[in-house]
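**Q** File coords04.json follows (JSON, C-alpha atoms):
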[["chain", "number", "residue", "atom", "x", "y", "z"],
["A", 277, "MET", "CA", -25.94, -42.19, -65.70],
["A", 278, "ASN", "CA", -23.18, -44.51, -64.61],
["A", 279, "ARG", "CA", -20.92, -41.57, -63.84],
["A", 280, "ASP", "CA", -23.67, -39.92, -61.80],
["A", 281, "GLU", "CA", -24.23, -43.10, -59.79],
["A", 282, "GLU", "CA", -20.50, -43.43, -59.15],
["A", 283, "GLN", "CA", -20.32, -39.79, -57.96],
["A", 284, "MET", "CA", -23.30, -40.33, -55.64],
["A", 285, "GLU", "CA", -21.65, -43.42, -54.16],
["A", 286, "ASP", "CA", -18.39, -41.48, -53.59],
["A", 287, "VAL", "CA", -20.32, -38.71, -51.82],
["A", 288, "GLU", "CA", -22.10, -41.23, -49.58],
["A", 289, "ASP", "CA", -18.78, -42.89, -48.69],
["A", 290, "MET", "CA", -17.27, -39.50, -47.78],
["A", 291, "GLU", "CA", -20.26, -38.67, -45.57],
["A", 292, "GLU", "CA", -19.91, -41.97, -43.74],
["A", 293, "GLU", "CA", -16.21, -41.30, -43.15],
["A", 294, "TYR", "CA", -17.02, -37.81, -41.79],
["A", 295, "ASP", "CA", -19.66, -39.27, -39.47],
["A", 296, "GLU", "CA", -17.21, -41.85, -38.11],
["A", 297, "GLU", "CA", -14.53, -39.19, -37.55],
["A", 298, "GLY", "CA", -17.07, -36.95, -35.81],
["A", 299, "ASP", "CA", -18.06, -39.79, -33.48],
["A", 300, "GLU", "CA", -14.41, -40.45, -32.63],
["A", 301, "GLU", "CA", -13.80, -36.73, -31.95],
["A", 302, "GLY", "CA", -16.88, -36.62, -29.76],
["A", 303, "ASP", "CA", -15.58, -39.57, -27.76],
["A", 304, "ASP", "CA", -12.20, -37.84, -27.38],
["A", 305, "VAL", "CA", -13.90, -34.63, -26.17],
["A", 306, "GLU", "CA", -15.93, -36.59, -23.62],
["A", 307, "GLU", "CA", -12.76, -38.29, -22.39],
["A", 308, "MET", "CA", -11.01, -34.90, -22.10],
["A", 309, "ASP", "CA", -13.97, -33.45, -20.19],
["A", 310, "GLU", "CA", -13.87, -36.37, -17.77],
["A", 311, "GLN", "CA", -10.13, -35.86, -17.26],
["A", 312, "ASP", "CA", -10.63, -32.13, -16.63],
["A", 313, "ARG", "CA", -13.40, -32.87, -14.14],
["A", 314, "SER", "CA", -11.23, -35.38, -12.31],
["A", 315, "GLN", "CA", -8.47, -32.78, -12.08],
["A", 316, "VAL", "CA", -10.85, -30.12, -10.81],
["A", 317, "LEU", "CA", -12.34, -32.47, -8.22],
["A", 318, "GLN", "CA", -8.95, -33.30, -6.76],
["A", 319, "PRO", "CA", -8.65, -32.00, -3.18],
["A", 320, "VAL", "CA", -6.68, -28.77, -2.78],
["A", 321, "PRO", "CA", -3.66, -29.26, -0.50],
["A", 322, "MET", "CA", -3.92, -27.28, 2.74],
["A", 323, "MET", "CA", -0.65, -25.48, 3.41],
["A", 324, "PRO", "CA", -0.04, -24.29, 6.96],
["A", 325, "ALA", "CA", 0.49, -20.58, 7.58],
["A", 326, "VAL", "CA", 4.08, -19.43, 7.67],
["A", 327, "ALA", "CA", 5.14, -18.27, 11.10],
["A", 328, "PRO", "CA", 7.17, -15.03, 11.37],
["A", 329, "ASN", "CA", 10.18, -16.87, 12.77],
["A", 330, "GLN", "CA", 10.15, -19.23, 9.76],
["A", 331, "GLY", "CA", 10.87, -16.48, 7.24],
["A", 332, "GLY", "CA", 14.39, -16.19, 5.88],
["A", 333, "LEU", "CA", 15.21, -19.88, 6.40],
["A", 334, "GLY", "CA", 14.42, -19.74, 10.11],
["A", 335, "ARG", "CA", 16.42, -16.59, 10.81],
["A", 336, "SER", "CA", 14.96, -13.50, 12.47],
["A", 337, "GLU", "CA", 13.93, -10.70, 10.14],
["A", 338, "TYR", "CA", 15.52, -7.33, 10.75],
["A", 339, "ARG", "CA", 14.85, -3.65, 10.07],
["A", 340, "LYS", "CA", 17.12, -0.67, 10.66],
["A", 341, "ILE", "CA", 15.61, 2.83, 10.62],
["A", 342, "PRO", "CA", 18.07, 5.77, 10.61],
["A", 343, "VAL", "CA", 17.21, 8.66, 12.91],
["A", 344, "PRO", "CA", 17.83, 12.25, 11.72],
["A", 345, "PRO", "CA", 19.95, 14.38, 14.08],
["A", 346, "HIS", "CA", 17.06, 16.71, 14.95],
["A", 347, "ARG", "CA", 14.86, 13.78, 16.05],
["A", 348, "ILE", "CA", 17.33, 12.16, 18.48],
["A", 349, "SER", "CA", 16.30, 14.31, 21.46],
["A", 350, "PRO", "CA", 12.53, 13.79, 20.91],
["A", 351, "LEU", "CA", 13.23, 10.07, 20.46],
["A", 352, "LYS", "CA", 14.91, 9.87, 23.87],
["A", 353, "GLN", "CA", 12.05, 11.79, 25.49],
["A", 354, "HIS", "CA", 9.33, 9.55, 24.01],
["A", 355, "TRP", "CA", 11.31, 6.29, 23.98],
["A", 356, "GLU", "CA", 9.01, 4.57, 26.48],
["A", 357, "ASN", "CA", 5.92, 5.42, 24.42],
["A", 358, "ILE", "CA", 7.62, 4.10, 21.28],
["A", 359, "TYR", "CA", 8.94, 0.73, 22.44],
["A", 360, "THR", "CA", 5.96, -0.20, 24.66],
["A", 361, "PRO", "CA", 3.41, -0.93, 21.86],
["A", 362, "ILE", "CA", 6.09, -2.60, 19.71],
["A", 363, "VAL", "CA", 7.19, -4.98, 22.45],
["A", 364, "THR", "CA", 3.84, -5.51, 24.19],
["A", 365, "HIS", "CA", 1.41, -5.78, 21.27],
["A", 366, "LEU", "CA", 3.59, -6.78, 18.29],
["A", 367, "LYS", "CA", 5.94, -9.04, 20.32],
["A", 368, "LEU", "CA", 9.05, -7.64, 18.60],
["A", 369, "GLN", "CA", 12.51, -6.78, 19.86],
["A", 370, "ILE", "CA", 13.73, -3.19, 19.54],
["A", 371, "ARG", "CA", 16.78, -1.24, 20.59],
["A", 372, "MET", "CA", 18.29, 2.20, 20.06],
["A", 373, "ASN", "CA", 21.76, 2.12, 18.53],
["A", 374, "THR", "CA", 23.28, 5.40, 19.66],
["A", 375, "GLN", "CA", 26.54, 4.88, 17.76],
["A", 376, "ALA", "CA", 24.86, 4.26, 14.40],
["A", 377, "LYS", "CA", 22.07, 6.74, 15.25],
["A", 378, "ALA", "CA", 19.43, 4.24, 14.22],
["A", 379, "ILE", "CA", 16.64, 2.11, 15.67],
["A", 380, "GLU", "CA", 16.91, -1.63, 15.12],
["A", 381, "ILE", "CA", 13.87, -3.94, 15.16],
["A", 382, "ARG", "CA", 13.73, -7.69, 14.70],
["A", 383, "THR", "CA", 11.28, -10.53, 15.14],
["A", 384, "SER", "CA", 11.29, -12.87, 18.13],
["A", 385, "PRO", "CA", 10.03, -16.42, 18.74],
["A", 386, "HIS", "CA", 6.90, -14.85, 20.30],
["A", 387, "THR", "CA", 6.00, -12.78, 17.21],
["A", 388, "GLU", "CA", 2.58, -13.84, 15.92],
["A", 389, "ASP", "CA", 1.83, -11.52, 12.98],
["A", 390, "ILE", "CA", 4.10, -11.87, 9.94],
["A", 391, "GLY", "CA", 3.46, -8.22, 9.00],
["A", 392, "ALA", "CA", 4.23, -6.87, 12.46],
["A", 393, "LEU", "CA", 7.84, -6.00, 11.58],
["A", 394, "GLN", "CA", 6.87, -3.79, 8.65],
["A", 395, "ARG", "CA", 4.16, -2.05, 10.67],
["A", 396, "ALA", "CA", 6.61, -1.33, 13.46],
["A", 397, "ALA", "CA", 9.13, 0.03, 10.96],
["A", 398, "ASP", "CA", 6.47, 2.32, 9.47],
["A", 399, "PHE", "CA", 5.55, 3.53, 12.97],
["A", 400, "VAL", "CA", 9.15, 4.40, 13.85],
["A", 401, "GLN", "CA", 9.73, 5.97, 10.42],
["A", 402, "ALA", "CA", 6.66, 8.17, 10.90],
["A", 403, "PHE", "CA", 8.05, 9.43, 14.20],
["A", 404, "CYS", "CA", 11.42, 10.14, 12.56],
["A", 405, "TYR", "CA", 9.62, 12.15, 9.89],
["A", 406, "GLY", "CA", 8.24, 14.42, 12.61],
["A", 407, "PHE", "CA", 4.79, 13.04, 13.47],
["A", 408, "ASN", "CA", 3.70, 12.88, 17.10],
["A", 409, "VAL", "CA", 3.70, 9.51, 18.83],
["A", 410, "GLU", "CA", -0.09, 9.72, 19.27],
["A", 411, "ASP", "CA", -0.56, 10.15, 15.51],
["A", 412, "ALA", "CA", 2.11, 7.66, 14.41],
["A", 413, "VAL", "CA", 0.81, 4.88, 16.66],
["A", 414, "ALA", "CA", -2.32, 4.74, 14.49],
["A", 415, "LEU", "CA", -0.17, 2.91, 11.92],
["A", 416, "LEU", "CA", -0.02, -0.01, 14.35],
["A", 417, "ARG", "CA", -3.76, -0.12, 14.96],
["A", 418, "LEU", "CA", -5.23, 0.55, 11.51],
["A", 419, "ASP", "CA", -4.41, -1.19, 8.24],
["A", 420, "ASP", "CA", -5.52, 1.48, 5.74],
["A", 421, "LEU", "CA", -3.15, 4.27, 6.82],
["A", 422, "TYR", "CA", -0.18, 5.31, 4.70],
["A", 423, "ILE", "CA", 2.51, 7.98, 4.53],
["A", 424, "GLU", "CA", 3.19, 9.93, 1.36],
["A", 425, "SER", "CA", 6.27, 12.11, 1.09],
["A", 426, "PHE", "CA", 7.30, 14.58, -1.58],
["A", 427, "GLN", "CA", 9.26, 17.80, -1.96],
["A", 428, "VAL", "CA", 8.22, 21.27, -3.01],
["A", 429, "GLU", "CA", 10.42, 20.99, -6.12],
["A", 430, "ASP", "CA", 8.40, 17.96, -7.22],
["A", 431, "VAL", "CA", 5.42, 20.28, -7.72],
["A", 432, "LYS", "CA", 7.17, 23.44, -8.92],
["A", 433, "MET", "CA", 10.80, 24.42, -9.19],
["A", 434, "LEU", "CA", 11.29, 27.24, -6.69],
["A", 435, "ALA", "CA", 14.35, 28.78, -5.06],
["A", 436, "GLY", "CA", 15.25, 31.61, -2.72],
["A", 437, "ASP", "CA", 12.43, 33.90, -1.58],
["A", 438, "ASN", "CA", 9.89, 32.16, -3.82],
["A", 439, "LEU", "CA", 10.55, 28.87, -2.02],
["A", 440, "SER", "CA", 10.27, 30.57, 1.37],
["A", 441, "ARG", "CA", 6.96, 32.18, 0.44],
["A", 442, "ALA", "CA", 5.59, 28.84, -0.80],
["A", 443, "ILE", "CA", 6.49, 27.15, 2.50],
["A", 444, "GLY", "CA", 4.93, 30.09, 4.35],
["A", 445, "ARG", "CA", 1.68, 29.66, 2.40],
["A", 446, "LEU", "CA", 1.61, 25.98, 3.39],
["A", 447, "ALA", "CA", 1.97, 26.71, 7.09],
["A", 448, "GLY", "CA", -0.06, 29.92, 7.26],
["A", 449, "LYS", "CA", -0.13, 32.35, 10.16],
["A", 450, "ASP", "CA", 0.51, 30.40, 13.39],
["A", 451, "GLY", "CA", 0.03, 27.20, 11.38],
["A", 452, "ARG", "CA", -3.67, 27.86, 10.68],
["A", 453, "THR", "CA", -3.55, 26.81, 7.03],
["A", 454, "LYS", "CA", -1.92, 23.49, 7.85],
["A", 455, "PHE", "CA", -4.35, 22.83, 10.71],
["A", 456, "THR", "CA", -7.33, 23.61, 8.48],
["A", 457, "ILE", "CA", -6.19, 21.17, 5.79],
["A", 458, "GLU", "CA", -5.58, 18.51, 8.46],
["A", 459, "ASN", "CA", -8.99, 18.93, 10.06],
["A", 460, "VAL", "CA", -10.94, 18.96, 6.79],
["A", 461, "THR", "CA", -9.12, 16.03, 5.18],
["A", 462, "ARG", "CA", -8.60, 14.07, 8.42],
["A", 463, "THR", "CA", -4.88, 13.76, 7.87],
["A", 464, "ARG", "CA", -1.68, 14.84, 9.59],
["A", 465, "ILE", "CA", 0.89, 16.93, 7.76],
["A", 466, "VAL", "CA", 4.54, 17.56, 8.60],
["A", 467, "ILE", "CA", 6.46, 20.32, 6.81],
["A", 468, "ALA", "CA", 10.17, 19.70, 7.26],
["A", 469, "ASP", "CA", 12.00, 22.36, 5.25],
["A", 470, "LYS", "CA", 11.35, 21.42, 1.61],
["A", 471, "LYS", "CA", 9.91, 17.98, 2.41],
["A", 472, "ILE", "CA", 6.22, 17.38, 3.06],
["A", 473, "HIS", "CA", 4.88, 14.22, 4.74],
["A", 474, "ILE", "CA", 1.17, 13.35, 4.83],
["A", 475, "LEU", "CA", -0.29, 10.63, 7.06],
["A", 476, "GLY", "CA", -3.80, 9.30, 6.43],
["A", 477, "SER", "CA", -5.94, 7.02, 4.33],
["A", 478, "PHE", "CA", -5.51, 6.83, 0.55],
["A", 479, "GLY", "CA", -8.47, 9.07, -0.34],
["A", 480, "ASN", "CA", -7.75, 11.65, 2.37],
["A", 481, "ILE", "CA", -4.09, 11.85, 1.38],
["A", 482, "LYS", "CA", -5.16, 12.68, -2.17],
["A", 483, "LEU", "CA", -7.37, 15.55, -0.94],
["A", 484, "ALA", "CA", -4.63, 16.95, 1.28],
["A", 485, "ARG", "CA", -2.02, 16.59, -1.47],
["A", 486, "ASP", "CA", -4.20, 18.49, -3.95],
["A", 487, "ALA", "CA", -4.66, 21.33, -1.45],
["A", 488, "VAL", "CA", -0.93, 21.48, -0.70],
["A", 489, "CYS", "CA", -0.06, 21.48, -4.41],
["A", 490, "ASP", "CA", -2.50, 24.33, -5.05],
["A", 491, "LEU", "CA", -0.81, 26.40, -2.35],
["A", 492, "ILE", "CA", 2.64, 25.67, -3.77],
["A", 493, "LEU", "CA", 1.50, 26.69, -7.25],
["A", 494, "GLY", "CA", 0.41, 30.08, -5.88],
["A", 495, "SER", "CA", -3.32, 29.75, -5.12],
["A", 496, "PRO", "CA", -4.47, 32.02, -2.28],
["A", 497, "PRO", "CA", -5.47, 30.25, 0.95],
["A", 498, "GLY", "CA", -9.05, 31.54, 0.67],
["A", 499, "LYS", "CA", -9.57, 29.76, -2.65],
["A", 500, "VAL", "CA", -8.11, 26.55, -1.22],
["A", 501, "TYR", "CA", -10.41, 26.81, 1.82],
["A", 502, "ALA", "CA", -13.46, 27.17, -0.41],
["A", 503, "LYS", "CA", -12.46, 24.14, -2.43],
["A", 504, "LEU", "CA", -11.93, 22.11, 0.74],
["A", 505, "LYS", "CA", -15.35, 23.11, 2.07],
["A", 506, "VAL", "CA", -17.01, 21.85, -1.12],
["A", 507, "VAL", "CA", -15.12, 18.57, -0.87],
["A", 508, "ALA", "CA", -16.01, 18.21, 2.82],
["A", 509, "SER", "CA", -19.71, 18.87, 2.17],
["A", 510, "ARG", "CA", -19.74, 16.24, -0.60],
["A", 511, "ALA", "CA", -18.10, 13.74, 1.71],
["A", 512, "ARG", "CA", -20.73, 14.38, 4.41],
["A", 513, "GLU", "CA", -23.54, 13.90, 1.90],
["A", 514, "ALA", "CA", -21.99, 10.64, 0.74],
["A", 515, "ILE", "CA", -21.82, 9.41, 4.33]]
Render the structure in this file as structure tokens.

**A**
Amino acid sequence: MNRDEEQMEDVEDMEEEYDEEGDEEGDDVEEMDEQDRSQVLQPVPMMPAVAPNQGGLGRSEYRKIPVPPHRISPLKQHWENIYTPIVTHLKLQIRMNTQAKAIEIRTSPHTEDIGALQRAADFVQAFCYGFNVEDAVALLRLDDLYIESFQVEDVKMLAGDNLSRAIGRLAGKDGRTKFTIENVTRTRIVIADKKIHILGSFGNIKLARDAVCDLILGSPPGKVYAKLKVVASRAREAI
């Protein structure tokens, strides 16, 4: 009996120790919660927006877009339509470097939008790819427009007459196939030899790219038209 009583007393002592430790841990947890709350309730510092002329340690940012030889003459013809929106709306500085055959753009003290330089570079690059000024200027006005570029060899390795026939299928007679894809997918397509450039929103570019890839792989235009009609009808129903 004495041993049993001693064991019972040891058990009671251990329980009391556990209770005291639990109370201390509970106090520590409450203190930690209060510290976390005090940290969360601290005011968030308000940082001022970075001005475009403050990027690069106060220096003006700069972009240089090379111009292909076959786009120099169109660039000179449409130069007024190109620099007017860049200078007037984006408040950037632009010049044509005839020796380097490139267009140079940089920010100015009057530039307000920090992303204006990249948008202007995309606009000029789109024109150099072969897009019309009226189509390329949409890159300055809308935020969800992109350009995707790829080559015919990226889809299927072709050479000689096979490559010529694939490019012919993309354009179609008098450009009808290309115009149909553009109208259905609401995109603009430029076929420059083996390179293909598509301008549009992300979803529309995917539709146009799928149609172009089908034509490169050898699908007849009629089958591609039917597939585009189904996609267009689904898009109208969704709207």

**Q** With distances taken over only C-alpha atoms, which residue among A:Ile341, A:Ala435, A:Ile443, A:Ala487 lies nearest Leu393 of chain A?

**A** A:Ile341

**Q** Compare A:Ile472, A:Ile467, A:Ile348, A:Ala484 by their minimum atom-to-atom distance to Gly451 of chain A, counting only C-alpha atoms, and give me the closest one.

**A** A:Ile467

**Q** Between A:Leu491, A:Val363, A:Glu337, A:Ile370, which one has atoms that come closest to Lys432 of chain A, using all atoms listed in the file?

**A**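 Using all atoms listed in the file, Lys432 of chain A sits closest to A:Leu491.
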
**Q** Can you tell me how far atom CA of Ser336 of chain A sits from atom CA of Ile358 of chain A, in Å to one decimal?

**A**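 We find that atom CA of Ser336 of chain A and atom CA of Ile358 of chain A lie 21.0 Å from each other.
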
**Q** What is the atom CA of Gly476 of chain A to atom CA of Glu380 of chain A distance in Å?

**A**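 Taking atom CA of Gly476 of chain A as the start and atom CA of Glu380 of chain A as the end point, the length is 25.0 Å.
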
**Q** Which of these residues is nearest to Ala468 of chain A, using all atoms listed in the file: A:Pro342, A:Lys377, A:Asp490, A:Val428?

**A**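 So, comparing all the options, the nearest one is A:Val428.
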
**Q** Fewer than 2 positions away in the same chain doesn't count, so skip those; otherwise give me all residues within 12 Å of Leu493 of chain A, counting all atoms listed in the file, as a ChimeraX atom specification.

**A** /A:428-434,438-439,441-443,445-446,486-491,495-497,500

**Q** Do you have the atom CA of Ile474 of chain A-atom CA of Ala414 of chain A distance handy?

**A**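 A separation of 13.4 Å between them.
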
**Q** Which one is closest to Glu424 of chain A: A:Thr456, A:Gln353, A:Ser509, A:Gln401? Count all atoms listed in the file.

**A**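 With all atoms listed in the file as the atom set, the closest residue is A:Gln401.
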
**Q** With a distance cut-off of 9 Å and all atoms listed in the file, select the neighbouring residues of His473 of chain A, excluding the residue or stretch itself and same-chain residues fewer than 4 positions from it, and output the selection as a ChimeraX atom specification.

**A** /A:402,405-407,423-427,464-468
